[in-house]
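See below for entry.cif, which holds mmCIF, C-alpha atoms.
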data_target
#
loop_
_atom_site.label_atom_id
_atom_site.label_comp_id
_atom_site.auth_asym_id
_atom_site.auth_seq_id
_atom_site.Cartn_x
_atom_site.Cartn_y
_atom_site.Cartn_z
CA MET T 1 -84.43 30.83 -98.76
CA LYS T 2 -85.87 31.31 -95.36
CA ASN T 3 -82.49 30.85 -93.79
CA GLU T 4 -80.95 33.51 -95.97
CA GLN T 5 -83.63 35.96 -94.97
CA THR T 6 -82.96 35.30 -91.33
CA LYS T 7 -79.28 35.90 -91.94
CA GLU T 8 -80.01 39.19 -93.65
CA SER T 9 -82.15 40.44 -90.81
CA THR T 10 -79.63 39.50 -88.11
CA ILE T 11 -77.90 42.54 -86.70
CA ARG T 12 -74.21 41.83 -86.36
CA ALA T 13 -71.75 44.07 -84.61
CA ILE T 14 -68.51 43.32 -86.44
CA SER T 15 -65.65 45.80 -86.55
CA ARG T 16 -63.74 46.19 -89.80
CA PRO T 17 -59.98 46.71 -89.94
CA SER T 18 -58.75 50.20 -90.74
CA LYS T 19 -55.80 52.46 -90.04
CA GLY T 20 -56.05 55.15 -87.39
CA GLU T 21 -58.61 53.53 -85.13
CA ALA T 22 -57.63 56.00 -82.40
CA GLY T 23 -57.15 58.86 -84.83
CA LYS T 24 -53.80 60.20 -85.97
CA THR T 25 -51.76 58.95 -83.03
CA GLY T 26 -48.80 61.05 -84.16
CA ASP T 27 -50.55 63.85 -82.27
CA TRP T 28 -49.60 62.14 -78.99
CA ARG T 29 -45.95 62.81 -79.62
CA SER T 30 -43.86 65.36 -77.74
CA GLN T 31 -40.58 64.18 -79.27
CA THR T 32 -40.03 63.07 -82.83
CA PRO T 33 -37.51 60.51 -84.12
CA VAL T 34 -35.18 61.75 -86.87
CA ILE T 35 -33.07 59.24 -88.82
CA ASP T 36 -29.58 60.12 -89.94
CA GLN T 37 -29.38 57.98 -93.07
CA GLU T 38 -25.60 58.28 -93.22
CA LYS T 39 -25.14 56.80 -89.77
CA CYS T 40 -27.69 54.03 -90.41
CA SER T 41 -25.98 50.81 -91.52
CA GLN T 42 -28.64 50.34 -94.24
CA LYS T 43 -28.19 46.61 -93.78
CA GLU T 44 -30.89 43.99 -93.45
CA SER T 45 -28.82 42.28 -90.77
CA CYS T 46 -29.73 45.05 -88.30
CA LEU T 47 -33.34 46.26 -88.51
CA LEU T 48 -33.49 46.55 -84.72
CA CYS T 49 -35.66 49.68 -84.88
CA TRP T 50 -38.16 47.87 -87.07
CA LEU T 51 -38.05 44.86 -84.75
CA TYR T 52 -38.62 46.79 -81.55
CA CYS T 53 -41.16 49.39 -82.70
CA PRO T 54 -44.36 48.42 -80.85
CA ASP T 55 -46.56 50.16 -83.40
CA GLY T 56 -44.74 48.86 -86.44
CA VAL T 57 -44.49 52.29 -88.07
CA ILE T 58 -40.88 51.93 -89.29
CA SER T 59 -40.48 50.66 -92.85
CA ARG T 60 -38.45 47.53 -93.61
CA GLU T 61 -37.03 48.92 -96.84
CA PHE T 62 -33.95 51.12 -96.90
CA PRO T 63 -33.65 54.04 -96.55
CA LEU T 64 -35.79 53.58 -93.46
CA GLU T 65 -38.83 55.77 -93.11
CA ILE T 66 -40.94 56.43 -90.05
CA ASP T 67 -44.67 56.97 -90.49
CA LEU T 68 -44.90 60.21 -88.51
CA GLU T 69 -48.64 60.36 -88.93
CA TYR T 70 -48.94 57.47 -86.46
CA CYS T 71 -45.58 57.36 -84.59
CA LYS T 72 -46.36 57.84 -80.89
CA GLY T 73 -42.85 59.10 -80.15
CA CYS T 74 -41.92 56.54 -77.50
CA GLY T 75 -38.23 56.73 -78.38
CA ILE T 76 -37.46 53.01 -78.32
CA CYS T 77 -35.89 53.17 -81.81
CA ALA T 78 -33.51 55.95 -80.77
CA GLN T 79 -32.59 54.09 -77.59
CA GLU T 80 -31.99 50.73 -79.26
CA CYS T 81 -30.22 51.83 -82.47
CA PRO T 82 -26.68 50.39 -82.16
CA ARG T 83 -25.23 53.17 -84.34
CA LYS T 84 -27.18 56.00 -82.68
CA ALA T 85 -28.54 56.92 -86.10
CA ILE T 86 -31.92 57.91 -84.70
CA ARG T 87 -32.30 60.82 -82.31
CA MET T 88 -35.33 62.27 -80.61
CA VAL T 89 -35.98 65.92 -81.33
CA ASP T 90 -38.37 68.05 -79.31
CA GLY T 91 -41.66 68.91 -80.94
CA ARG T 92 -44.19 67.14 -83.08
CA ASN T 93 -42.87 68.15 -86.48
CA PRO T 94 -39.21 69.12 -86.19
CA SER T 95 -38.46 67.89 -89.72
CA GLU T 96 -40.06 71.05 -91.11
CA LYS T 97 -37.58 73.18 -89.23
CA ASN T 98 -34.49 70.95 -89.36
CA ALA T 99 -34.86 69.47 -92.81
CA SER T 100 -31.39 68.56 -93.96
CA MET M 1 -33.98 25.96 -85.86
CA ALA M 2 -33.97 29.26 -84.08
CA THR M 3 -34.69 32.42 -86.01
CA SER M 4 -31.46 34.42 -85.91
CA ALA M 5 -32.18 37.77 -87.54
CA ALA M 6 -34.94 40.32 -87.81
CA LYS M 7 -34.93 40.08 -91.59
CA LEU M 8 -36.24 36.51 -91.40
CA LEU M 9 -39.51 37.62 -89.79
CA PRO M 10 -42.51 38.11 -92.08
CA LYS M 11 -42.76 41.60 -93.52
CA GLU M 12 -46.48 41.95 -93.32
CA GLU M 13 -47.95 43.80 -90.35
CA PHE M 14 -51.23 42.53 -88.94
CA ILE M 15 -51.82 45.46 -86.63
CA LEU M 16 -52.52 48.66 -88.53
CA PRO M 17 -50.95 51.83 -87.10
CA GLY M 18 -52.98 54.27 -85.04
CA THR M 19 -54.07 51.98 -82.22
CA ARG M 20 -55.46 53.01 -78.87
CA SER M 21 -52.64 51.39 -76.86
CA CYS M 22 -50.12 53.55 -74.99
CA ALA M 23 -46.81 54.55 -76.55
CA ALA M 24 -44.16 51.86 -75.88
CA CYS M 25 -46.69 49.16 -75.03
CA GLY M 26 -45.07 45.82 -74.19
CA LEU M 27 -48.29 44.02 -74.97
CA MET M 28 -48.52 45.50 -78.43
CA LEU M 29 -44.96 44.50 -79.30
CA THR M 30 -45.76 40.98 -78.09
CA TYR M 31 -48.96 40.79 -80.10
CA ARG M 32 -47.29 42.17 -83.20
CA HIS M 33 -44.68 39.41 -83.29
CA ALA M 34 -47.08 36.69 -82.10
CA LEU M 35 -49.37 37.41 -85.06
CA LYS M 36 -46.41 37.25 -87.43
CA ALA M 37 -45.70 33.73 -86.19
CA LEU M 38 -49.30 32.62 -86.65
CA ASP M 39 -51.19 32.54 -89.91
CA PRO M 40 -53.55 35.46 -89.30
CA GLY M 41 -55.91 34.36 -92.08
CA LYS M 42 -56.40 31.13 -90.17
CA THR M 43 -56.43 32.39 -86.61
CA ILE M 44 -59.29 33.23 -84.29
CA VAL M 45 -58.47 35.25 -81.20
CA ALA M 46 -60.44 35.25 -77.97
CA VAL M 47 -59.79 38.15 -75.62
CA PRO M 48 -61.25 39.11 -72.24
CA ALA M 49 -61.86 42.65 -71.04
CA SER M 50 -58.31 44.00 -70.80
CA CYS M 51 -55.75 46.21 -72.47
CA MET M 52 -56.21 43.82 -75.41
CA THR M 53 -59.81 44.97 -75.85
CA VAL M 54 -58.55 48.54 -75.88
CA LEU M 55 -55.99 47.63 -78.52
CA HIS M 56 -58.69 45.94 -80.59
CA GLY M 57 -60.54 49.22 -80.78
CA VAL M 58 -64.03 50.61 -80.58
CA TYR M 59 -66.81 49.48 -82.91
CA PRO M 60 -67.05 49.83 -85.93
CA ILE M 61 -63.27 50.01 -86.48
CA THR M 62 -60.48 47.70 -85.37
CA PRO M 63 -56.77 48.06 -86.13
CA VAL M 64 -56.16 44.30 -86.08
CA LYS M 65 -56.54 42.20 -89.21
CA VAL M 66 -57.55 39.05 -87.36
CA ILE M 67 -60.91 37.59 -86.40
CA CYS M 68 -61.41 38.36 -82.73
CA ILE M 69 -64.14 37.64 -80.22
CA ASN M 70 -64.56 39.77 -77.12
CA ASN M 71 -65.44 37.88 -73.97
CA PRO M 72 -66.32 38.53 -70.34
CA PHE M 73 -63.30 38.81 -68.07
CA GLY M 74 -63.38 35.32 -66.62
CA ALA M 75 -64.38 33.46 -69.79
CA THR M 76 -61.32 33.43 -72.05
CA GLY M 77 -60.55 29.74 -71.53
CA ALA M 78 -64.19 28.74 -71.92
CA ALA M 79 -64.66 30.84 -75.05
CA ALA M 80 -61.50 29.49 -76.65
CA SER M 81 -62.48 25.88 -75.97
CA GLY M 82 -65.92 26.61 -77.47
CA ILE M 83 -64.36 28.06 -80.62
CA ALA M 84 -61.99 25.09 -80.87
CA ALA M 85 -64.89 22.64 -80.49
CA GLY M 86 -66.90 24.51 -83.14
CA LEU M 87 -64.01 24.46 -85.59
CA LYS M 88 -63.51 20.75 -85.01
CA ALA M 89 -67.21 20.03 -85.60
CA LEU M 90 -67.08 21.96 -88.88
CA GLY M 91 -63.89 20.20 -89.94
CA ASN M 92 -61.80 23.36 -90.02
CA ASP M 93 -58.70 21.75 -88.59
CA ASP M 94 -56.29 24.23 -90.09
CA TYR M 95 -57.37 27.10 -87.82
CA THR M 96 -55.44 28.15 -84.73
CA VAL M 97 -57.42 29.35 -81.75
CA LEU M 98 -55.49 31.92 -79.75
CA ALA M 99 -56.62 33.08 -76.33
CA PHE M 100 -54.80 36.25 -75.34
CA ALA M 101 -55.34 37.48 -71.81
CA GLY M 102 -53.51 39.56 -69.25
CA ASP M 103 -52.24 38.43 -65.89
CA GLY M 104 -55.46 39.54 -64.19
CA GLY M 105 -57.51 37.51 -66.64
CA THR M 106 -55.21 34.51 -66.18
CA TYR M 107 -53.81 34.41 -62.64
CA ASP M 108 -56.94 35.70 -60.91
CA ILE M 109 -60.23 36.06 -62.72
CA GLY M 110 -59.80 33.61 -65.59
CA ILE M 111 -58.10 30.77 -63.76
CA GLN M 112 -61.08 28.44 -63.41
CA ALA M 113 -62.06 28.66 -67.09
CA LEU M 114 -58.41 28.17 -68.03
CA SER M 115 -57.95 25.19 -65.72
CA GLY M 116 -61.19 23.63 -66.98
CA ALA M 117 -60.16 24.01 -70.61
CA PHE M 118 -56.70 22.54 -69.99
CA GLU M 119 -58.21 19.63 -68.11
CA ARG M 120 -60.53 18.89 -71.05
CA GLY M 121 -57.55 19.00 -73.39
CA ALA M 122 -59.10 21.73 -75.57
CA ASN M 123 -57.01 22.48 -78.64
CA PHE M 124 -55.92 26.11 -78.33
CA LEU M 125 -52.95 28.32 -77.55
CA TYR M 126 -53.26 30.51 -74.49
CA ILE M 127 -50.91 33.47 -74.26
CA CYS M 128 -50.82 35.36 -70.99
CA TYR M 129 -49.18 38.77 -71.30
CA ASP M 130 -48.02 39.45 -67.81
CA ASN M 131 -47.76 43.17 -67.08
CA GLU M 132 -47.99 42.48 -63.35
CA GLY M 133 -51.20 44.23 -62.49
CA TYR M 134 -54.60 45.39 -63.69
CA MET M 135 -53.07 48.04 -65.92
CA ASN M 136 -56.16 48.79 -68.00
CA THR M 137 -58.28 49.78 -65.02
CA GLY M 138 -55.58 51.77 -63.24
CA THR M 139 -52.71 49.65 -61.94
CA GLN M 140 -54.49 47.60 -59.28
CA ARG M 141 -52.71 44.73 -57.58
CA SER M 142 -52.97 41.27 -59.13
CA SER M 143 -51.52 37.98 -57.91
CA ALA M 144 -48.83 38.44 -60.56
CA SER M 145 -47.57 41.74 -59.11
CA PRO M 146 -44.15 41.30 -57.51
CA ALA M 147 -43.65 41.82 -53.79
CA GLY M 148 -42.63 45.36 -52.96
CA ALA M 149 -44.51 47.02 -55.82
CA ILE M 150 -46.83 49.94 -55.20
CA THR M 151 -50.16 49.54 -56.92
CA SER M 152 -53.30 51.63 -56.59
CA THR M 153 -54.71 49.02 -54.18
CA THR M 154 -51.48 48.62 -52.19
CA PRO M 155 -50.41 52.28 -52.00
CA VAL M 156 -49.05 52.40 -48.46
CA LEU M 157 -47.22 49.18 -47.61
CA ALA M 158 -46.54 48.06 -51.19
CA LYS M 159 -47.46 44.48 -52.06
CA LEU M 160 -46.49 41.98 -49.37
CA GLN M 161 -46.91 38.68 -51.21
CA HIS M 162 -44.68 37.19 -53.86
CA LYS M 163 -45.85 36.44 -57.35
CA LYS M 164 -48.03 33.36 -57.81
CA ASN M 165 -46.38 30.36 -59.44
CA MET M 166 -48.71 30.18 -62.43
CA ILE M 167 -46.33 28.05 -64.50
CA GLY M 168 -46.44 25.44 -61.71
CA ILE M 169 -50.24 25.46 -61.76
CA VAL M 170 -50.35 25.13 -65.55
CA GLU M 171 -47.71 22.40 -65.49
CA ALA M 172 -49.81 20.38 -63.11
CA HIS M 173 -52.33 19.96 -65.96
CA ARG M 174 -49.67 18.06 -67.93
CA ILE M 175 -50.24 19.91 -71.17
CA PRO M 176 -47.93 19.33 -74.17
CA TYR M 177 -46.36 22.78 -74.46
CA ILE M 178 -45.53 25.52 -71.97
CA ALA M 179 -43.18 28.41 -72.66
CA THR M 180 -42.21 31.83 -71.38
CA ALA M 181 -41.08 34.70 -73.57
CA SER M 182 -40.38 38.41 -73.54
CA PRO M 183 -40.98 41.15 -76.13
CA ALA M 184 -37.40 42.27 -75.46
CA PHE M 185 -36.39 39.01 -77.20
CA PRO M 186 -38.79 39.04 -80.16
CA LEU M 187 -37.01 36.32 -82.15
CA ASP M 188 -37.27 33.89 -79.25
CA LEU M 189 -40.93 34.89 -78.82
CA TYR M 190 -41.56 34.32 -82.52
CA ASP M 191 -39.99 30.86 -82.46
CA LYS M 192 -41.98 29.81 -79.43
CA VAL M 193 -45.30 30.94 -80.87
CA LYS M 194 -44.42 29.04 -84.06
CA THR M 195 -43.64 25.89 -82.09
CA ALA M 196 -46.84 26.31 -80.09
CA LYS M 197 -48.84 26.74 -83.30
CA ASP M 198 -47.64 23.38 -84.59
CA THR M 199 -48.42 21.55 -81.36
CA TYR M 200 -51.80 19.89 -80.84
CA GLY M 201 -53.71 20.26 -77.60
CA PRO M 202 -53.70 22.92 -74.90
CA ARG M 203 -50.65 25.16 -75.02
CA TYR M 204 -49.66 27.90 -72.61
CA MET M 205 -47.26 30.79 -73.01
CA GLU M 206 -46.41 33.48 -70.55
CA VAL M 207 -44.95 36.72 -71.83
CA HIS M 208 -43.45 39.27 -69.49
CA ALA M 209 -44.74 42.53 -70.93
CA PRO M 210 -43.24 45.68 -69.36
CA CYS M 211 -45.75 48.49 -68.89
CA PRO M 212 -44.16 51.99 -68.75
CA PRO M 213 -47.11 53.87 -67.16
CA GLY M 214 -47.91 51.07 -64.71
CA TRP M 215 -44.35 50.36 -63.60
CA GLY M 216 -43.11 53.91 -63.77
CA PHE M 217 -40.19 53.98 -66.18
CA PRO M 218 -39.56 56.10 -69.30
CA ASN M 219 -41.13 54.86 -72.54
CA LYS M 220 -37.79 54.53 -74.28
CA ASP M 221 -36.58 51.98 -71.72
CA LEU M 222 -39.14 49.31 -72.60
CA ILE M 223 -36.63 46.93 -74.18
CA LYS M 224 -34.01 47.70 -71.55
CA MET M 225 -36.49 46.82 -68.77
CA GLY M 226 -37.51 43.59 -70.52
CA LYS M 227 -33.87 42.58 -70.87
CA LEU M 228 -33.07 43.52 -67.26
CA ALA M 229 -35.95 41.34 -66.06
CA VAL M 230 -34.41 38.36 -67.83
CA ASP M 231 -30.84 39.24 -66.81
CA SER M 232 -31.84 39.49 -63.15
CA GLY M 233 -33.87 36.28 -63.19
CA ILE M 234 -37.19 38.01 -62.41
CA HIS M 235 -38.40 36.45 -65.63
CA VAL M 236 -36.79 33.27 -66.96
CA LEU M 237 -37.03 32.22 -70.60
CA PHE M 238 -37.69 28.52 -71.04
CA GLU M 239 -39.93 26.01 -72.71
CA ILE M 240 -41.40 22.75 -71.45
CA LYS M 241 -42.14 20.37 -74.31
CA ASP M 242 -43.96 17.24 -73.18
CA GLY M 243 -42.54 17.66 -69.70
CA VAL M 244 -38.96 18.24 -70.86
CA PHE M 245 -37.64 21.49 -69.46
CA LYS M 246 -35.16 23.59 -71.43
CA LEU M 247 -33.83 27.10 -70.88
CA THR M 248 -33.68 29.17 -74.05
CA SER M 249 -32.24 32.35 -75.51
CA ARG M 250 -30.75 34.79 -73.01
CA SER M 251 -31.57 32.64 -69.98
CA LEU M 252 -29.67 29.76 -71.55
CA SER M 253 -26.56 31.88 -72.09
CA LEU M 254 -26.91 33.18 -68.52
CA ALA M 255 -26.97 29.61 -67.26
CA GLU M 256 -23.95 28.58 -69.32
CA LYS M 257 -21.82 31.59 -68.62
CA GLY M 258 -22.32 35.01 -67.26
CA LYS M 259 -23.59 36.27 -64.01
CA LYS M 260 -27.14 37.07 -63.11
CA LYS M 261 -27.75 40.73 -62.30
CA THR M 262 -29.08 41.67 -58.88
CA ILE M 263 -32.66 42.59 -58.18
CA SER M 264 -31.57 46.08 -57.09
CA GLU M 265 -30.45 46.84 -60.63
CA TYR M 266 -33.85 45.85 -61.97
CA ILE M 267 -35.97 47.71 -59.44
CA LYS M 268 -34.07 50.99 -59.28
CA GLY M 269 -35.39 52.17 -62.65
CA GLN M 270 -39.05 51.72 -61.69
CA THR M 271 -41.05 54.11 -59.52
CA ARG M 272 -43.43 51.34 -58.43
CA PHE M 273 -40.61 50.02 -56.20
CA LYS M 274 -39.88 53.35 -54.53
CA LYS M 275 -41.27 52.22 -51.16
CA ILE M 276 -39.60 48.81 -51.09
CA SER M 277 -37.68 48.15 -47.86
CA GLN M 278 -34.29 46.45 -47.62
CA ASP M 279 -35.98 43.42 -46.05
CA GLN M 280 -38.33 43.19 -48.99
CA ILE M 281 -35.45 43.50 -51.45
CA ASN M 282 -33.62 40.67 -49.68
CA SER M 283 -36.75 38.55 -49.64
CA LEU M 284 -37.38 39.21 -53.34
CA GLN M 285 -33.76 38.38 -54.18
CA GLU M 286 -34.03 35.14 -52.23
CA PHE M 287 -37.29 34.26 -53.96
CA VAL M 288 -35.79 34.90 -57.39
CA ASP M 289 -32.55 33.03 -56.63
CA GLN M 290 -34.41 30.02 -55.33
CA ARG M 291 -36.58 29.85 -58.43
CA TRP M 292 -33.58 30.34 -60.70
CA ASN M 293 -31.72 27.49 -59.00
CA GLU M 294 -34.74 25.21 -59.40
CA PHE M 295 -34.86 26.03 -63.11
CA LEU M 296 -31.12 25.50 -63.47
CA GLU M 297 -31.35 22.12 -61.81
CA ARG M 298 -34.22 21.04 -64.06
CA HIS M 299 -32.36 22.28 -67.12
CA HIS M 300 -29.22 20.33 -66.27
CA ARG M 301 -31.18 17.22 -65.37
CA ASN M 302 -32.74 17.21 -68.84
CA SER M 303 -29.69 18.12 -70.86
CA PHE M 304 -27.80 14.90 -70.12
#
As C-alpha cells, the full file:
Amino acid sequence: MKNEQTKESTIRAISRPSKGEAGKTGDWRSQTPVIDQEKCSQKESCLLCWLYCPDGVISREFPLEIDLEYCKGCGICAQECPRKAIRMVDGRNPSEKNAS
Amino acid sequence: MATSAAKLLPKEEFILPGTRSCAACGLMLTYRHALKALDPGKTIVAVPASCMTVLHGVYPITPVKVICINNPFGATGAAASGIAAGLKALGNDDYTVLAFAGDGGTYDIGIQALSGAFERGANFLYICYDNEGYMNTGTQRSSASPAGAITSTTPVLAKLQHKKNMIGIVEAHRIPYIATASPAFPLDLYDKVKTAKDTYGPRYMEVHAPCPPGWGFPNKDLIKMGKLAVDSGIHVLFEIKDGVFKLTSRSLSLAEKGKKKTISEYIKGQTRFKKISQDQINSLQEFVDQRWNEFLERHHRNSF
C-alpha cells in the first residue's frame, strides 16, 4: 500500500504522443504538392513518394493523398516521382484555386 | 533476403505528422524507416541533446510513439547500457535498446561513453546519424565535418582536417555488427536495422543524413544529395558482420560495375563548399579514393 502511495505522489514528466506537436506544420509551406492522378502509375510497385517523404504525410493507398495540414512542402515527392505526376505549385493552398 | 520494394515495408507510421524538425530532414527520414524495422512496442530509445530531442518534441507532447529517454549530451552510451542492464535484470529480453545520436554526440562528445559501453559488451544498437556538424545549435564544426566545408566555427578558411575514421575506432572494439546506411537508400537502411535488431551485443550503425539548411542545398534535393554522396564514395554502404566486411546496395553495384563520380560533382550543389580551394578538392578526392580502395580490397578479400 505504502509503495502505491509513493508512486501516486511521484511527479513524472512524461510526454504523450499526439499529432501536430509543432502545430499545423502545413503553415510552413511556400509551395504545395499537387498530384496528377492520371499520370500516377497507381501501382504498389512504385510508392517512391511515400518512401521518401520524411514526414510520412503521403498515404499508401491509391489514389494517393497528401495530408496538407502537415505537409511541410519540401518538394522531395515532386523531385523523385519517376512519372512527374507530382508538381509543386506556389502558395499554401493552391488546390482551392486550381481544383480540377 | 534483401527487401526489394517499398510495398514490403510496414504500413504503420511511428512518427506522427507535425513534428518540429525542418522540412526535408535527413534524420527524420532515417528515424522513420529505422522505427519501421524495429518493433516500436518493444523498443526503448535513448537520445542525447540534439536534433533528435527537437524531433521528440516539447513536454507534454511528443510526435513519436516510442518510449524515449532524454540524456545529457555525452551520456548516450552510458544511458543505453544502463537501460539494457535494467531490462536484463527484470528479464525483459525481448526489448531492443536503441541509442540514437548525431555525429557531435558520437564522434566528439559521446565517444567515451560509447567506447565504454562497447568495451563492456552492453546489449544495444547505436545509430549515429551523421549530418556532419552540430546542426541543432547552428552548424558548428564537428570532427565528422568534411575538409573544405564552411561551418559557423570555421567561416574563413573552411575546415582543414579530414573526417575522423569513426568506423575504424568502433571496429577496434570488435563488436558483432557494424553497418553504414543512407536515407537515400531506405530499403537497405531498413534491412540493416532489422539485421542489427536480431544481433546480440553492441551494434553500431552510421547513417549519412543530408541536412539541407546546414549544407546549403535546396530541400527537394535531399535524396539526390544522399545518392550523390554514395555515388562519389564520400559515404560507402557496407556491413561488417563478425569481422566479415561486405559492400551492399549501391556501393556493391558501384564496385562490380560502374564508375565512381568525382567529388566535384558532389560538392558543387552545396553552399558549404563555396570556399573550397582546388588543393583542398584534390586532397579530399585523394582521401575518398584511398578509403574506397581500402574498402574494395577488404570486400574482395572476403568474397572469395
So that I can check the surroundings of M:Pro63, please list as a ChimeraX atom specification every protein, DNA and RNA residue that reaches within 12 Å of it, counting all atoms listed in the file and ignoring chain neighbours fewer than 6 positions away. /T:15-23,55 /M:13-21,28,32,52-57
Residues returned when the PyMOL selection byres ((chain T and resi 72) around 6) runs on this file, as a PDB file with C-alpha atoms, in the coordinates of the input:
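Written file, selection-v3.pdb:
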ATOM      1  CA  THR T  25     -51.760  58.950 -83.030  1.00  0.00           C
ATOM      2  CA  GLY T  26     -48.800  61.050 -84.160  1.00  0.00           C
ATOM      3  CA  TRP T  28     -49.600  62.140 -78.990  1.00  0.00           C
ATOM      4  CA  ARG T  29     -45.950  62.810 -79.620  1.00  0.00           C
ATOM      5  CA  CYS T  71     -45.580  57.360 -84.590  1.00  0.00           C
ATOM      6  CA  GLY T  73     -42.850  59.100 -80.150  1.00  0.00           C
ATOM      7  CA  CYS T  74     -41.920  56.540 -77.500  1.00  0.00           C
TER       8      CYS T  74
ATOM      9  CA  ALA M  23     -46.810  54.550 -76.550  1.00  0.00           C
TER      10      ALA M  23
END
Assuming 4 Å of padding per side, give the centre and edge lengths of the axis-aligned box around every listed atom of stretch 198-207 of chain M, in Å to one decimal and as JSON.
{"center_x": -49.3, "center_y": 28.3, "center_z": -77.6, "size_x": 16.8, "size_y": 24.8, "size_z": 22.0}
Between chain M and chain T, at 10 Å or less, what are the per-residue closest atom pairs and their distances in Å? Count all atoms listed in the file, order by chain and rising residue number, and return it as CSV.
residue,atom,partner,partner_atom,distance
M:Ser4,CA,T:Ser45,CA,9.6
M:Ala5,CA,T:Ser45,CA,6.5
M:Ala6,CA,T:Leu47,CA,6.2
M:Lys7,CA,T:Glu44,CA,5.9
M:Leu8,CA,T:Ser45,CA,9.4
M:Leu9,CA,T:Leu51,CA,8.9
M:Lys11,CA,T:Arg60,CA,7.3
M:Glu12,CA,T:Arg60,CA,9.8
M:Glu13,CA,T:Gly56,CA,7.2
M:Phe14,CA,T:Gly56,CA,9.4
M:Ile15,CA,T:Asp55,CA,7.8
M:Leu16,CA,T:Lys19,CA,5.2
M:Pro17,CA,T:Lys19,CA,5.7
M:Gly18,CA,T:Gly20,CA,4.0
M:Thr19,CA,T:Ala22,CA,5.4
M:Arg20,CA,T:Ala22,CA,5.1
M:Ser21,CA,T:Ala22,CA,8.8
M:Cys22,CA,T:Lys72,CA,8.2
M:Ala23,CA,T:Cys74,CA,5.4
M:Ala24,CA,T:Cys74,CA,5.4
M:Cys25,CA,T:Pro54,CA,6.3
M:Gly26,CA,T:Pro54,CA,7.2
M:Leu27,CA,T:Pro54,CA,8.3
M:Met28,CA,T:Pro54,CA,5.6
M:Leu29,CA,T:Pro54,CA,4.3
M:Thr30,CA,T:Pro54,CA,8.1
M:Tyr31,CA,T:Pro54,CA,8.9
M:Arg32,CA,T:Pro54,CA,7.3
M:His33,CA,T:Leu51,CA,8.7
M:Val54,CA,T:Ala22,CA,10.0
M:Leu55,CA,T:Glu21,CA,9.2
M:His56,CA,T:Glu21,CA,8.8
M:Gly57,CA,T:Glu21,CA,6.4
M:Val58,CA,T:Glu21,CA,7.7
M:Tyr59,CA,T:Ser15,CA,5.3
M:Pro60,CA,T:Ser15,CA,4.3
M:Ile61,CA,T:Ser15,CA,4.8
M:Thr62,CA,T:Pro17,CA,4.7
M:Pro63,CA,T:Pro17,CA,5.2
M:Val64,CA,T:Pro17,CA,5.9
M:Lys65,CA,T:Pro17,CA,5.7
M:Val66,CA,T:Pro17,CA,8.4
M:Ile67,CA,T:Ser15,CA,9.5
M:Cys68,CA,T:Ser15,CA,9.4
M:Ile69,CA,T:Ile14,CA,9.5
M:Pro183,CA,T:Tyr52,CA,8.2
M:Ala184,CA,T:Tyr52,CA,7.7
M:Phe185,CA,T:Tyr52,CA,9.2
M:Pro186,CA,T:Leu51,CA,7.4
M:Leu187,CA,T:Leu51,CA,9.0
M:Pro218,CA,T:Cys74,CA,8.5
M:Asn219,CA,T:Cys74,CA,5.3
M:Lys220,CA,T:Ile76,CA,4.3
M:Asp221,CA,T:Ile76,CA,6.7
M:Leu222,CA,T:Ile76,CA,7.0
M:Ile223,CA,T:Ile76,CA,7.4
M:Lys224,CA,T:Glu80,CA,8.5
Nearest-residue call for T:Pro63, choices T:Lys39, T:Arg92, T:Arg12, T:Arg83, using only C-alpha atoms: T:Lys39
Please write N, CA and C atoms of stretch 84-95 of chain T, from the structure given just now, as a PDB file, in the first residue's frame.
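File out.pdb, as written:
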ATOM      1  N   LYS T  84       6.734  12.077 -62.938  1.00  0.00           N
ATOM      2  CA  LYS T  84       6.485  13.520 -62.808  1.00  0.00           C
ATOM      3  C   LYS T  84       4.985  13.805 -62.577  1.00  0.00           C
ATOM      4  N   ALA T  85       4.374  12.955 -61.782  1.00  0.00           N
ATOM      5  CA  ALA T  85       2.942  13.100 -61.522  1.00  0.00           C
ATOM      6  C   ALA T  85       2.658  14.099 -60.403  1.00  0.00           C
ATOM      7  N   ILE T  86       3.708  14.500 -59.701  1.00  0.00           N
ATOM      8  CA  ILE T  86       3.511  15.485 -58.627  1.00  0.00           C
ATOM      9  C   ILE T  86       4.247  16.752 -59.020  1.00  0.00           C
ATOM     10  N   ARG T  87       3.564  17.897 -58.930  1.00  0.00           N
ATOM     11  CA  ARG T  87       4.283  19.142 -59.191  1.00  0.00           C
ATOM     12  C   ARG T  87       4.055  20.098 -58.028  1.00  0.00           C
ATOM     13  N   MET T  88       5.015  20.993 -57.861  1.00  0.00           N
ATOM     14  CA  MET T  88       4.931  21.957 -56.768  1.00  0.00           C
ATOM     15  C   MET T  88       4.319  23.240 -57.307  1.00  0.00           C
ATOM     16  N   VAL T  89       3.289  23.697 -56.633  1.00  0.00           N
ATOM     17  CA  VAL T  89       2.583  24.900 -57.062  1.00  0.00           C
ATOM     18  C   VAL T  89       2.767  25.972 -55.991  1.00  0.00           C
ATOM     19  N   ASP T  90       3.020  27.186 -56.422  1.00  0.00           N
ATOM     20  CA  ASP T  90       3.239  28.267 -55.460  1.00  0.00           C
ATOM     21  C   ASP T  90       2.018  28.477 -54.567  1.00  0.00           C
ATOM     22  N   GLY T  91       2.287  28.818 -53.343  1.00  0.00           N
ATOM     23  CA  GLY T  91       1.188  29.123 -52.420  1.00  0.00           C
ATOM     24  C   GLY T  91       0.901  27.977 -51.471  1.00  0.00           C
ATOM     25  N   ARG T  92       0.185  28.303 -50.410  1.00  0.00           N
ATOM     26  CA  ARG T  92      -0.064  27.315 -49.374  1.00  0.00           C
ATOM     27  C   ARG T  92      -1.278  26.442 -49.705  1.00  0.00           C
ATOM     28  N   ASN T  93      -2.246  27.020 -50.390  1.00  0.00           N
ATOM     29  CA  ASN T  93      -3.457  26.266 -50.692  1.00  0.00           C
ATOM     30  C   ASN T  93      -3.894  26.436 -52.142  1.00  0.00           C
ATOM     31  N   PRO T  94      -3.071  26.008 -53.089  1.00  0.00           N
ATOM     32  CA  PRO T  94      -3.405  26.250 -54.485  1.00  0.00           C
ATOM     33  C   PRO T  94      -4.591  25.405 -54.936  1.00  0.00           C
ATOM     34  N   SER T  95      -4.860  24.309 -54.219  1.00  0.00           N
ATOM     35  CA  SER T  95      -5.923  23.400 -54.654  1.00  0.00           C
ATOM     36  C   SER T  95      -7.272  24.123 -54.697  1.00  0.00           C
TER      37      SER T  95
END
